[in-house]
>>> print(open('data-v7.txt').read())   # compact mmCIF, N, CA and C atoms and all ligand atoms
# COMPACT_ATOMS: atom_id res chain seq x y z
N MET A 1 223.57 -15.80 -114.25
CA MET A 1 222.26 -16.36 -114.53
C MET A 1 221.44 -16.41 -113.24
N GLU A 2 220.16 -16.09 -113.36
CA GLU A 2 219.29 -16.13 -112.19
C GLU A 2 218.11 -17.06 -112.45
N PHE A 3 217.73 -17.83 -111.44
CA PHE A 3 216.64 -18.77 -111.54
C PHE A 3 215.32 -18.01 -111.48
N ASP A 4 214.45 -18.15 -112.49
CA ASP A 4 213.19 -17.41 -112.52
C ASP A 4 212.04 -18.35 -112.17
N SER A 5 211.69 -18.40 -110.88
CA SER A 5 210.69 -19.36 -110.44
C SER A 5 209.27 -18.99 -110.92
N SER A 6 209.12 -17.74 -111.44
CA SER A 6 207.78 -17.38 -111.92
C SER A 6 207.44 -18.14 -113.21
N LEU A 7 208.44 -18.74 -113.84
CA LEU A 7 208.19 -19.46 -115.10
C LEU A 7 208.23 -20.98 -114.93
N LEU A 8 208.27 -21.42 -113.68
CA LEU A 8 208.37 -22.87 -113.43
C LEU A 8 207.30 -23.66 -114.18
N LEU A 9 207.71 -24.76 -114.80
CA LEU A 9 206.82 -25.71 -115.49
C LEU A 9 206.23 -25.19 -116.80
N SER A 10 206.64 -23.97 -117.22
CA SER A 10 205.99 -23.40 -118.41
C SER A 10 206.72 -23.75 -119.70
N GLY A 11 207.78 -24.55 -119.61
CA GLY A 11 208.44 -25.03 -120.83
C GLY A 11 209.37 -24.01 -121.44
N HIS A 12 209.91 -24.38 -122.60
CA HIS A 12 210.84 -23.50 -123.30
C HIS A 12 210.09 -22.26 -123.80
N PRO A 13 210.54 -21.05 -123.42
CA PRO A 13 209.82 -19.84 -123.84
C PRO A 13 209.73 -19.74 -125.37
N SER A 14 208.54 -19.42 -125.87
CA SER A 14 208.31 -19.45 -127.31
C SER A 14 209.24 -18.53 -128.08
N LYS A 15 209.67 -17.40 -127.46
CA LYS A 15 210.47 -16.43 -128.22
C LYS A 15 211.97 -16.65 -128.07
N MET A 16 212.37 -17.63 -127.27
CA MET A 16 213.81 -17.86 -127.07
C MET A 16 214.38 -18.56 -128.31
N PRO A 17 215.49 -18.05 -128.87
CA PRO A 17 216.04 -18.68 -130.08
C PRO A 17 216.59 -20.08 -129.81
N PRO A 18 216.75 -20.90 -130.87
CA PRO A 18 217.30 -22.24 -130.67
C PRO A 18 218.73 -22.16 -130.13
N PRO A 19 219.22 -23.22 -129.48
CA PRO A 19 220.57 -23.17 -128.90
C PRO A 19 221.64 -22.90 -129.96
N ASP A 20 222.58 -22.00 -129.61
CA ASP A 20 223.64 -21.59 -130.53
C ASP A 20 224.85 -22.52 -130.33
N ILE A 21 224.76 -23.71 -130.90
CA ILE A 21 225.83 -24.70 -130.70
C ILE A 21 226.09 -25.42 -132.01
N ASP A 22 227.18 -26.19 -132.05
CA ASP A 22 227.47 -27.02 -133.21
C ASP A 22 226.60 -28.28 -133.13
N ARG A 23 225.43 -28.21 -133.76
CA ARG A 23 224.45 -29.31 -133.60
C ARG A 23 224.98 -30.63 -134.13
N LYS A 24 225.73 -30.58 -135.26
CA LYS A 24 226.23 -31.82 -135.86
C LYS A 24 227.12 -32.55 -134.85
N LEU A 25 227.97 -31.76 -134.18
CA LEU A 25 228.88 -32.35 -133.19
C LEU A 25 228.10 -33.00 -132.05
N PHE A 26 227.15 -32.24 -131.48
CA PHE A 26 226.44 -32.77 -130.31
C PHE A 26 225.47 -33.89 -130.67
N GLU A 27 224.88 -33.80 -131.87
CA GLU A 27 223.96 -34.87 -132.26
C GLU A 27 224.72 -36.18 -132.47
N SER A 28 226.02 -36.08 -132.84
CA SER A 28 226.79 -37.31 -133.05
C SER A 28 227.42 -37.82 -131.75
N LYS A 29 227.65 -36.92 -130.78
CA LYS A 29 228.39 -37.32 -129.57
C LYS A 29 227.50 -37.69 -128.40
N GLY A 30 226.27 -37.23 -128.35
CA GLY A 30 225.44 -37.55 -127.19
C GLY A 30 224.39 -36.50 -126.96
N LEU A 31 224.32 -36.01 -125.74
CA LEU A 31 223.21 -35.17 -125.34
C LEU A 31 223.72 -33.89 -124.69
N ILE A 32 223.09 -32.77 -125.02
CA ILE A 32 223.43 -31.53 -124.32
C ILE A 32 222.14 -30.81 -123.96
N GLY A 33 222.11 -30.25 -122.77
CA GLY A 33 220.97 -29.43 -122.36
C GLY A 33 221.47 -28.01 -122.19
N THR A 34 220.65 -27.02 -122.59
CA THR A 34 221.08 -25.62 -122.39
C THR A 34 221.01 -25.29 -120.90
N ASN A 35 221.66 -24.17 -120.52
CA ASN A 35 221.78 -23.91 -119.08
C ASN A 35 220.46 -23.61 -118.38
N ASP A 36 219.40 -23.31 -119.14
CA ASP A 36 218.09 -23.14 -118.49
C ASP A 36 217.31 -24.46 -118.49
N LEU A 37 217.93 -25.51 -119.02
CA LEU A 37 217.35 -26.86 -119.05
C LEU A 37 216.05 -26.95 -119.85
N THR A 38 215.84 -26.01 -120.80
CA THR A 38 214.59 -26.10 -121.58
C THR A 38 214.80 -26.54 -123.02
N SER A 39 216.06 -26.57 -123.51
CA SER A 39 216.30 -27.13 -124.85
C SER A 39 217.30 -28.27 -124.72
N TRP A 40 217.05 -29.32 -125.49
CA TRP A 40 217.88 -30.54 -125.41
C TRP A 40 218.24 -30.99 -126.80
N VAL A 41 219.55 -31.17 -127.01
CA VAL A 41 220.03 -31.57 -128.34
C VAL A 41 220.68 -32.94 -128.24
N GLY A 42 220.34 -33.82 -129.17
CA GLY A 42 220.92 -35.17 -129.19
C GLY A 42 220.64 -35.80 -130.54
N PRO A 43 220.86 -37.10 -130.67
CA PRO A 43 220.68 -37.76 -131.96
C PRO A 43 219.27 -37.59 -132.54
N TRP A 44 218.29 -37.26 -131.70
CA TRP A 44 216.91 -37.09 -132.18
C TRP A 44 216.66 -35.69 -132.74
N GLY A 45 217.61 -34.76 -132.60
CA GLY A 45 217.42 -33.38 -133.04
C GLY A 45 217.35 -32.46 -131.84
N ILE A 46 216.36 -31.56 -131.82
CA ILE A 46 216.18 -30.67 -130.66
C ILE A 46 214.78 -30.89 -130.10
N SER A 47 214.69 -31.09 -128.78
CA SER A 47 213.39 -31.12 -128.12
C SER A 47 213.36 -29.96 -127.12
N TYR A 48 212.17 -29.45 -126.91
CA TYR A 48 211.98 -28.33 -125.99
C TYR A 48 211.02 -28.74 -124.89
N THR A 49 211.38 -28.45 -123.64
CA THR A 49 210.48 -28.83 -122.54
C THR A 49 209.12 -28.20 -122.76
N ALA A 50 208.10 -28.97 -122.40
CA ALA A 50 206.73 -28.58 -122.69
C ALA A 50 206.15 -27.73 -121.55
N ASN A 51 205.15 -26.93 -121.92
CA ASN A 51 204.40 -26.18 -120.91
C ASN A 51 203.43 -27.16 -120.24
N ILE A 52 203.64 -27.41 -118.96
CA ILE A 52 202.73 -28.31 -118.25
C ILE A 52 202.04 -27.57 -117.08
N THR A 53 201.92 -26.24 -117.22
CA THR A 53 201.13 -25.49 -116.22
C THR A 53 199.64 -25.67 -116.56
N SER A 54 198.81 -25.11 -115.71
CA SER A 54 197.36 -25.28 -115.87
C SER A 54 196.76 -24.39 -116.96
N ASP A 55 197.60 -23.62 -117.66
CA ASP A 55 197.08 -22.77 -118.74
C ASP A 55 196.58 -23.65 -119.89
N GLU A 56 195.70 -23.07 -120.74
CA GLU A 56 195.20 -23.85 -121.88
C GLU A 56 196.31 -24.15 -122.90
N THR A 57 197.41 -23.38 -122.86
CA THR A 57 198.56 -23.71 -123.72
C THR A 57 199.43 -24.80 -123.07
N GLY A 58 199.08 -25.18 -121.85
CA GLY A 58 199.77 -26.27 -121.16
C GLY A 58 198.83 -27.46 -121.06
N ILE A 59 198.60 -27.94 -119.82
CA ILE A 59 197.72 -29.11 -119.68
C ILE A 59 196.33 -28.70 -119.17
N GLY A 60 196.02 -27.40 -119.24
CA GLY A 60 194.77 -26.86 -118.70
C GLY A 60 193.51 -27.53 -119.24
N ASN A 61 193.54 -27.89 -120.55
CA ASN A 61 192.35 -28.51 -121.14
C ASN A 61 192.44 -30.03 -121.18
N TRP A 62 193.50 -30.59 -120.62
CA TRP A 62 193.66 -32.06 -120.68
C TRP A 62 192.73 -32.74 -119.69
N THR A 63 192.32 -33.96 -120.06
CA THR A 63 191.61 -34.80 -119.09
C THR A 63 192.65 -35.68 -118.39
N GLU A 64 192.22 -36.26 -117.28
CA GLU A 64 193.10 -37.17 -116.54
C GLU A 64 193.52 -38.35 -117.44
N ASP A 65 192.57 -38.85 -118.23
CA ASP A 65 192.88 -39.98 -119.13
C ASP A 65 193.96 -39.60 -120.14
N GLN A 66 193.91 -38.37 -120.63
CA GLN A 66 194.93 -37.89 -121.58
C GLN A 66 196.31 -37.93 -120.92
N PHE A 67 196.36 -37.44 -119.68
CA PHE A 67 197.64 -37.41 -118.97
C PHE A 67 198.17 -38.83 -118.76
N LEU A 68 197.30 -39.75 -118.38
CA LEU A 68 197.73 -41.14 -118.17
C LEU A 68 198.25 -41.74 -119.48
N LEU A 69 197.57 -41.46 -120.58
CA LEU A 69 198.01 -41.97 -121.89
C LEU A 69 199.35 -41.37 -122.28
N CYS A 70 199.49 -40.06 -122.03
CA CYS A 70 200.75 -39.36 -122.35
C CYS A 70 201.92 -40.03 -121.64
N ILE A 71 201.78 -40.26 -120.34
CA ILE A 71 202.90 -40.80 -119.57
C ILE A 71 203.04 -42.32 -119.78
N ARG A 72 201.95 -43.03 -119.88
CA ARG A 72 202.04 -44.50 -120.00
C ARG A 72 202.52 -44.93 -121.38
N GLU A 73 202.10 -44.18 -122.43
CA GLU A 73 202.47 -44.59 -123.80
C GLU A 73 203.41 -43.61 -124.49
N GLY A 74 203.81 -42.56 -123.76
CA GLY A 74 204.76 -41.60 -124.33
C GLY A 74 204.20 -40.88 -125.54
N LYS A 75 202.96 -40.45 -125.45
CA LYS A 75 202.30 -39.80 -126.59
C LYS A 75 202.12 -38.31 -126.34
N TRP A 76 202.58 -37.50 -127.29
CA TRP A 76 202.48 -36.05 -127.23
C TRP A 76 201.02 -35.62 -127.08
N LYS A 77 200.76 -34.69 -126.20
CA LYS A 77 199.41 -34.16 -125.91
C LYS A 77 198.44 -35.24 -125.42
N GLY A 78 198.97 -36.43 -125.13
CA GLY A 78 198.09 -37.49 -124.62
C GLY A 78 197.07 -37.97 -125.63
N GLN A 79 197.41 -37.85 -126.91
CA GLN A 79 196.50 -38.30 -127.98
C GLN A 79 197.04 -39.61 -128.56
N LYS A 80 196.17 -40.59 -128.73
CA LYS A 80 196.58 -41.92 -129.19
C LYS A 80 197.38 -41.90 -130.48
N ASN A 81 196.96 -41.05 -131.44
CA ASN A 81 197.61 -41.06 -132.75
C ASN A 81 198.68 -39.99 -132.91
N SER A 82 199.09 -39.37 -131.81
CA SER A 82 200.11 -38.32 -131.95
C SER A 82 201.50 -38.94 -131.93
N ARG A 83 202.50 -38.10 -132.15
CA ARG A 83 203.89 -38.59 -132.20
C ARG A 83 204.36 -39.04 -130.82
N SER A 84 205.49 -39.78 -130.82
CA SER A 84 206.07 -40.20 -129.55
C SER A 84 206.78 -39.03 -128.89
N LEU A 85 206.82 -39.04 -127.56
CA LEU A 85 207.58 -38.01 -126.85
C LEU A 85 209.07 -38.24 -127.07
N MET A 86 209.80 -37.16 -127.25
CA MET A 86 211.25 -37.23 -127.48
C MET A 86 212.00 -37.25 -126.16
N PRO A 87 213.26 -37.74 -126.19
CA PRO A 87 214.13 -37.60 -125.01
C PRO A 87 214.34 -36.11 -124.71
N PRO A 88 214.75 -35.77 -123.49
CA PRO A 88 215.01 -36.68 -122.37
C PRO A 88 213.80 -36.89 -121.47
N MET A 89 212.57 -36.61 -121.93
CA MET A 89 211.40 -36.83 -121.08
C MET A 89 211.35 -38.32 -120.70
N PRO A 90 211.55 -38.63 -119.41
CA PRO A 90 211.72 -40.04 -119.01
C PRO A 90 210.38 -40.76 -118.78
N TRP A 91 209.48 -40.72 -119.78
CA TRP A 91 208.15 -41.31 -119.60
C TRP A 91 208.22 -42.83 -119.40
N PHE A 92 209.28 -43.46 -119.97
CA PHE A 92 209.37 -44.93 -119.87
C PHE A 92 209.70 -45.40 -118.46
N THR A 93 210.16 -44.50 -117.60
CA THR A 93 210.29 -44.87 -116.19
C THR A 93 209.08 -44.33 -115.41
N TYR A 94 208.62 -43.13 -115.77
CA TYR A 94 207.45 -42.58 -115.07
C TYR A 94 206.21 -43.44 -115.30
N ARG A 95 206.19 -44.18 -116.42
CA ARG A 95 205.01 -45.01 -116.72
C ARG A 95 204.82 -46.11 -115.70
N LEU A 96 205.88 -46.38 -114.90
CA LEU A 96 205.79 -47.44 -113.89
C LEU A 96 205.08 -46.96 -112.62
N MET A 97 204.77 -45.68 -112.54
CA MET A 97 204.04 -45.18 -111.37
C MET A 97 202.63 -45.76 -111.37
N THR A 98 202.04 -45.82 -110.19
CA THR A 98 200.66 -46.33 -110.09
C THR A 98 199.69 -45.28 -110.62
N ASP A 99 198.47 -45.71 -110.89
CA ASP A 99 197.43 -44.76 -111.31
C ASP A 99 197.30 -43.65 -110.27
N GLY A 100 197.32 -44.06 -108.99
CA GLY A 100 197.14 -43.09 -107.90
C GLY A 100 198.25 -42.04 -107.92
N GLU A 101 199.48 -42.46 -108.15
CA GLU A 101 200.61 -41.52 -108.18
C GLU A 101 200.48 -40.57 -109.36
N LEU A 102 200.17 -41.13 -110.53
CA LEU A 102 200.05 -40.27 -111.72
C LEU A 102 198.88 -39.29 -111.58
N LYS A 103 197.78 -39.78 -111.00
CA LYS A 103 196.62 -38.89 -110.83
C LYS A 103 196.94 -37.76 -109.84
N ALA A 104 197.75 -38.08 -108.84
CA ALA A 104 198.15 -37.04 -107.87
C ALA A 104 199.01 -35.99 -108.55
N ILE A 105 199.93 -36.43 -109.43
CA ILE A 105 200.78 -35.47 -110.16
C ILE A 105 199.90 -34.59 -111.06
N PHE A 106 198.93 -35.23 -111.72
CA PHE A 106 198.05 -34.48 -112.62
C PHE A 106 197.24 -33.44 -111.83
N ALA A 107 196.72 -33.86 -110.68
CA ALA A 107 195.94 -32.93 -109.84
C ALA A 107 196.82 -31.74 -109.44
N TYR A 108 198.09 -32.02 -109.12
CA TYR A 108 199.01 -30.94 -108.77
C TYR A 108 199.21 -29.99 -109.96
N LEU A 109 199.46 -30.58 -111.15
CA LEU A 109 199.69 -29.74 -112.33
C LEU A 109 198.48 -28.86 -112.62
N LYS A 110 197.29 -29.41 -112.44
CA LYS A 110 196.05 -28.64 -112.66
C LYS A 110 195.93 -27.47 -111.68
N SER A 111 196.62 -27.60 -110.52
CA SER A 111 196.51 -26.56 -109.50
C SER A 111 197.57 -25.46 -109.66
N THR A 112 198.45 -25.60 -110.65
CA THR A 112 199.55 -24.63 -110.79
C THR A 112 199.04 -23.32 -111.40
N LYS A 113 199.85 -22.29 -111.24
CA LYS A 113 199.53 -20.98 -111.83
C LYS A 113 199.56 -21.11 -113.36
N PRO A 114 198.51 -20.66 -114.07
CA PRO A 114 198.54 -20.78 -115.53
C PRO A 114 199.56 -19.83 -116.15
N ILE A 115 200.41 -20.35 -117.00
CA ILE A 115 201.38 -19.50 -117.71
C ILE A 115 201.20 -19.76 -119.21
N GLN A 116 200.93 -18.68 -119.95
CA GLN A 116 200.70 -18.85 -121.37
C GLN A 116 202.04 -18.97 -122.10
N ASN A 117 202.25 -20.07 -122.78
CA ASN A 117 203.49 -20.27 -123.54
C ASN A 117 203.34 -21.49 -124.42
N ILE A 118 203.62 -21.30 -125.71
CA ILE A 118 203.61 -22.45 -126.63
C ILE A 118 205.06 -22.73 -127.01
N GLU A 119 205.59 -23.84 -126.52
CA GLU A 119 206.99 -24.16 -126.81
C GLU A 119 207.15 -24.46 -128.31
N PRO A 120 208.38 -24.22 -128.86
CA PRO A 120 208.59 -24.48 -130.28
C PRO A 120 208.46 -25.97 -130.59
N PRO A 121 208.14 -26.31 -131.85
CA PRO A 121 208.05 -27.72 -132.22
C PRO A 121 209.43 -28.40 -132.22
N ILE A 122 209.44 -29.71 -132.11
CA ILE A 122 210.71 -30.44 -132.16
C ILE A 122 211.38 -30.22 -133.52
N VAL A 123 212.70 -30.32 -133.54
CA VAL A 123 213.47 -30.09 -134.78
C VAL A 123 214.19 -31.40 -135.12
N PRO A 124 214.08 -31.88 -136.38
CA PRO A 124 214.76 -33.13 -136.72
C PRO A 124 216.28 -32.96 -136.70
N PRO A 125 217.04 -34.05 -136.58
CA PRO A 125 218.50 -33.93 -136.55
C PRO A 125 219.06 -33.37 -137.86
N VAL A 126 220.20 -32.68 -137.77
CA VAL A 126 220.80 -32.11 -139.00
C VAL A 126 221.15 -33.20 -140.00
N SER A 127 221.42 -34.42 -139.49
CA SER A 127 221.83 -35.51 -140.39
C SER A 127 220.64 -36.20 -141.04
N ALA A 128 219.40 -35.82 -140.66
CA ALA A 128 218.22 -36.49 -141.21
C ALA A 128 218.10 -36.21 -142.70
N PRO A 129 217.72 -37.23 -143.50
CA PRO A 129 217.55 -36.97 -144.92
C PRO A 129 216.46 -35.92 -145.13
N HIS A 130 216.67 -35.02 -146.10
CA HIS A 130 215.68 -33.97 -146.35
C HIS A 130 214.40 -34.58 -146.90
N GLN A 131 213.26 -34.04 -146.43
CA GLN A 131 211.97 -34.50 -146.92
C GLN A 131 211.77 -34.01 -148.36
N GLN A 132 211.16 -34.85 -149.20
CA GLN A 132 210.86 -34.44 -150.60
C GLN A 132 209.72 -33.45 -150.59
C1 LIG B 201 207.39 -35.68 -112.69
C2 LIG B 201 208.14 -35.03 -113.60
C3 LIG B 201 207.65 -34.73 -115.01
C4 LIG B 201 206.37 -34.61 -115.48
C5 LIG B 201 205.05 -34.70 -114.72
C6 LIG B 201 206.49 -34.32 -116.90
C7 LIG B 201 205.42 -34.16 -117.74
C8 LIG B 201 205.51 -33.98 -119.12
C9 LIG B 201 204.39 -33.99 -120.04
C10 LIG B 201 202.92 -34.19 -119.65
C11 LIG B 201 204.89 -33.78 -121.29
C12 LIG B 201 204.10 -33.76 -122.60
C13 LIG B 201 203.60 -32.39 -122.89
C14 LIG B 201 202.80 -32.32 -124.17
O1 LIG B 201 202.52 -33.34 -124.81
O2 LIG B 201 202.42 -31.19 -124.53
C15 LIG B 201 206.33 -33.61 -121.16
C16 LIG B 201 207.20 -33.33 -122.19
C17 LIG B 201 208.56 -33.15 -122.06
N1 LIG B 201 209.29 -33.33 -120.91
FE1 LIG B 201 208.56 -33.89 -119.12
N2 LIG B 201 207.83 -34.27 -117.24
C18 LIG B 201 208.57 -34.53 -116.13
C19 LIG B 201 209.94 -34.60 -116.06
C20 LIG B 201 210.81 -34.31 -117.08
C21 LIG B 201 212.24 -34.33 -116.99
C22 LIG B 201 213.02 -34.76 -115.72
C23 LIG B 201 212.73 -33.92 -118.18
C24 LIG B 201 214.15 -33.69 -118.66
C25 LIG B 201 215.24 -34.15 -118.05
C26 LIG B 201 211.59 -33.65 -119.04
C27 LIG B 201 211.68 -33.19 -120.34
C28 LIG B 201 210.62 -33.09 -121.20
C29 LIG B 201 210.74 -32.71 -122.61
C30 LIG B 201 212.03 -32.35 -123.36
C31 LIG B 201 209.45 -32.76 -123.14
C32 LIG B 201 209.06 -32.47 -124.59
C33 LIG B 201 209.12 -33.78 -125.36
C34 LIG B 201 208.61 -33.68 -126.79
O3 LIG B 201 208.20 -32.60 -127.25
O4 LIG B 201 208.61 -34.72 -127.47
N3 LIG B 201 210.46 -33.91 -118.34
N4 LIG B 201 206.68 -33.74 -119.83
>>> encode(input="data-v7.txt", output="structure tokens")
Amino acid sequence: MEFDSSLLLSGHPSKMPPPDIDRKLFESKGLIGTNDLTSWVGPWGISYTANITSDETGIGNWTEDQFLLCIREGKWKGQKNSRSLMPPMPWFTYRLMTDGELKAIFAYLKSTKPIQNIEPPIVPPVSAPHQQ
């Protein structure tokens, strides 16, 4: 395996298939991350690291307030009425950063090379009751 720094911060590649593992086993036992660290399986199902580059498929169109809301309240896309961020994104510790620290991180993310990539949506756990 080789580390591909050209894809840094761009999240789970949209065309990469879901992890080939026994999901029932891992969802019941704890947490597993794939070797590229972009897919995570646990009791919540599967989460995929998000594209946080400056591209419009990442945080390119976000405002600073959106980023603060995303990290402070754990809200997907920094929207008040969106779903909660899934593990292992550690927003509940990052939310303790000062406004100045979070704004500095956001300014850095805005300065990154734009990489176009839409990560796959989260997947519910295999044990979740089927929706009607
Ligand atoms: C300073 C470091 C970090 C920053 C600035 C950051 C930023 C973000 C942002 C802004 C999102 C939301 C993206 C969106 O709503 O489209 C996100 C999602 C995510 N992050 Fe982080 N993150 C950091 C560290 C981490 C770490 C250490 C992990 C894993 C160990 C992680 C895993 C994830 C995952 C899995 C998601 C997707 C969650 C979901 O779809 O519900 N992040 N991150």
>>> residues_near_ligand(input="data-v7.txt", ligand="ligand LIG 201 (chain B)", cutoff="8 Å", atoms="only C-alpha atoms and all ligand atoms", output="ChimeraX atom specification")
/A:37-40,47-52,58-59,67,70-71,75-78,83-91,94,105-106,109,121-122
>>> closest_residue(input="data-v7.txt", among="A:Arg23, A:Ala128, A:Ser54, A:Lys29", to="Leu9 (chain A)", atoms="only N, CA and C atoms")
A:Ser54
>>> select_by_dssp(input="data-v7.txt", residues="region 96-127 of chain A", states="alpha helix (DSSP H)", output="PyMOL selection string")
chain A and resi 99-110
>>> atom_distance(input="data-v7.txt", atom1="atom N of Phe92 (chain A)", atom2="atom N of Asp4 (chain A)")
26.9 Å
>>> atom_distance(input="data-v7.txt", atom1="atom N of Pro129 (chain A)", atom2="atom N of Thr34 (chain A)")
23.5 Å
>>> atom_distance(input="data-v7.txt", atom1="atom N of Tyr108 (chain A)", atom2="atom N of Ser10 (chain A)")
14.3 Å
>>> residues_around(input="data-v7.txt", residues="Phe26 (chain A)", least_positions_apart="6", cutoff="7 Å", atoms="all atoms listed in the file", output="list in words")
Ile32, Val41, Gly42 and Pro43 of chain A
>>> write_last_selection(input="data-v7.txt", atoms="N, CA and C atoms", output="compact mmCIF listing (two decimals), in the frame of the given file")
# COMPACT_ATOMS: atom_id res chain seq x y z
N ILE A 32 223.09 -32.77 -125.02
CA ILE A 32 223.43 -31.53 -124.32
C ILE A 32 222.14 -30.81 -123.96
N VAL A 41 219.55 -31.17 -127.01
CA VAL A 41 220.03 -31.57 -128.34
C VAL A 41 220.68 -32.94 -128.24
N GLY A 42 220.34 -33.82 -129.17
CA GLY A 42 220.92 -35.17 -129.19
C GLY A 42 220.64 -35.80 -130.54
N PRO A 43 220.86 -37.10 -130.67
CA PRO A 43 220.68 -37.76 -131.96
C PRO A 43 219.27 -37.59 -132.54
>>> closest_residue(input="data-v7.txt", among="A:Lys103, A:Lys24, A:Lys113, A:Arg95", to="Gly45 (chain A)", atoms="only C-alpha atoms")
A:Lys24
>>> closest_residue(input="data-v7.txt", among="A:Trp62, A:Lys80, A:Val126, A:Leu96", to="Lys110 (chain A)", atoms="only C-alpha atoms")
A:Trp62
>>> closest_residue(input="data-v7.txt", among="A:Leu8, A:Ile46, A:Ala107, A:Leu102", to="Leu69 (chain A)", atoms="only C-alpha atoms")
A:Leu102
>>> axis_aligned_box(input="data-v7.txt", around="region 63-66 of chain A", padding_each_side="5 Å", output="JSON")
{"center_x": 194.0, "center_y": -37.0, "center_z": -119.1, "size_x": 14.7, "size_y": 16.0, "size_z": 15.0}
>>> decode(input="data-v7.txt", residues="region 98-104 of chain A", atoms="all heavy atoms", output="PDB file, in the first residue's frame")
ATOM      1  N   THR A  98     -11.424  27.123  20.729  1.00  0.00           N
ATOM      2  CA  THR A  98     -11.924  28.505  20.730  1.00  0.00           C
ATOM      3  C   THR A  98     -12.393  28.879  19.326  1.00  0.00           C
ATOM      4  O   THR A  98     -12.022  28.219  18.338  1.00  0.00           O
ATOM      5  CB  THR A  98     -10.809  29.488  21.134  1.00  0.00           C
ATOM      6  OG1 THR A  98      -9.779  29.421  20.137  1.00  0.00           O
ATOM      7  CG2 THR A  98     -10.226  29.149  22.506  1.00  0.00           C
ATOM      8  N   ASP A  99     -13.159  29.954  19.243  1.00  0.00           N
ATOM      9  CA  ASP A  99     -13.579  30.456  17.929  1.00  0.00           C
ATOM     10  C   ASP A  99     -12.358  30.705  17.052  1.00  0.00           C
ATOM     11  O   ASP A  99     -12.336  30.359  15.878  1.00  0.00           O
ATOM     12  CB  ASP A  99     -14.353  31.773  18.077  1.00  0.00           C
ATOM     13  CG  ASP A  99     -15.819  31.536  18.419  1.00  0.00           C
ATOM     14  OD1 ASP A  99     -16.192  30.368  18.690  1.00  0.00           O
ATOM     15  OD2 ASP A  99     -16.579  32.519  18.419  1.00  0.00           O
ATOM     16  N   GLY A 100     -11.325  31.300  17.663  1.00  0.00           N
ATOM     17  CA  GLY A 100     -10.108  31.637  16.912  1.00  0.00           C
ATOM     18  C   GLY A 100      -9.451  30.388  16.333  1.00  0.00           C
ATOM     19  O   GLY A 100      -9.014  30.390  15.177  1.00  0.00           O
ATOM     20  N   GLU A 101      -9.397  29.324  17.118  1.00  0.00           N
ATOM     21  CA  GLU A 101      -8.775  28.072  16.645  1.00  0.00           C
ATOM     22  C   GLU A 101      -9.595  27.465  15.506  1.00  0.00           C
ATOM     23  O   GLU A 101      -9.044  27.049  14.470  1.00  0.00           O
ATOM     24  CB  GLU A 101      -8.637  27.087  17.814  1.00  0.00           C
ATOM     25  CG  GLU A 101      -7.546  27.489  18.792  1.00  0.00           C
ATOM     26  CD  GLU A 101      -7.608  26.759  20.132  1.00  0.00           C
ATOM     27  OE1 GLU A 101      -8.690  26.296  20.548  1.00  0.00           O
ATOM     28  OE2 GLU A 101      -6.561  26.681  20.775  1.00  0.00           O
ATOM     29  N   LEU A 102     -10.913  27.425  15.697  1.00  0.00           N
ATOM     30  CA  LEU A 102     -11.760  26.830  14.649  1.00  0.00           C
ATOM     31  C   LEU A 102     -11.713  27.667  13.365  1.00  0.00           C
ATOM     32  O   LEU A 102     -11.656  27.120  12.260  1.00  0.00           O
ATOM     33  CB  LEU A 102     -13.205  26.685  15.142  1.00  0.00           C
ATOM     34  CG  LEU A 102     -13.424  25.569  16.185  1.00  0.00           C
ATOM     35  CD1 LEU A 102     -14.853  25.576  16.705  1.00  0.00           C
ATOM     36  CD2 LEU A 102     -13.109  24.198  15.587  1.00  0.00           C
ATOM     37  N   LYS A 103     -11.695  28.991  13.533  1.00  0.00           N
ATOM     38  CA  LYS A 103     -11.644  29.850  12.340  1.00  0.00           C
ATOM     39  C   LYS A 103     -10.314  29.670  11.592  1.00  0.00           C
ATOM     40  O   LYS A 103     -10.270  29.719  10.365  1.00  0.00           O
ATOM     41  CB  LYS A 103     -11.842  31.321  12.737  1.00  0.00           C
ATOM     42  CG  LYS A 103     -13.297  31.617  13.105  1.00  0.00           C
ATOM     43  CD  LYS A 103     -13.484  33.049  13.577  1.00  0.00           C
ATOM     44  CE  LYS A 103     -14.939  33.284  13.989  1.00  0.00           C
ATOM     45  NZ  LYS A 103     -15.187  34.651  14.469  1.00  0.00           N
ATOM     46  N   ALA A 104      -9.248  29.435  12.359  1.00  0.00           N
ATOM     47  CA  ALA A 104      -7.938  29.209  11.724  1.00  0.00           C
ATOM     48  C   ALA A 104      -7.958  27.901  10.937  1.00  0.00           C
ATOM     49  O   ALA A 104      -7.432  27.821   9.814  1.00  0.00           O
ATOM     50  CB  ALA A 104      -6.834  29.179  12.785  1.00  0.00           C
TER      51      ALA A 104
END
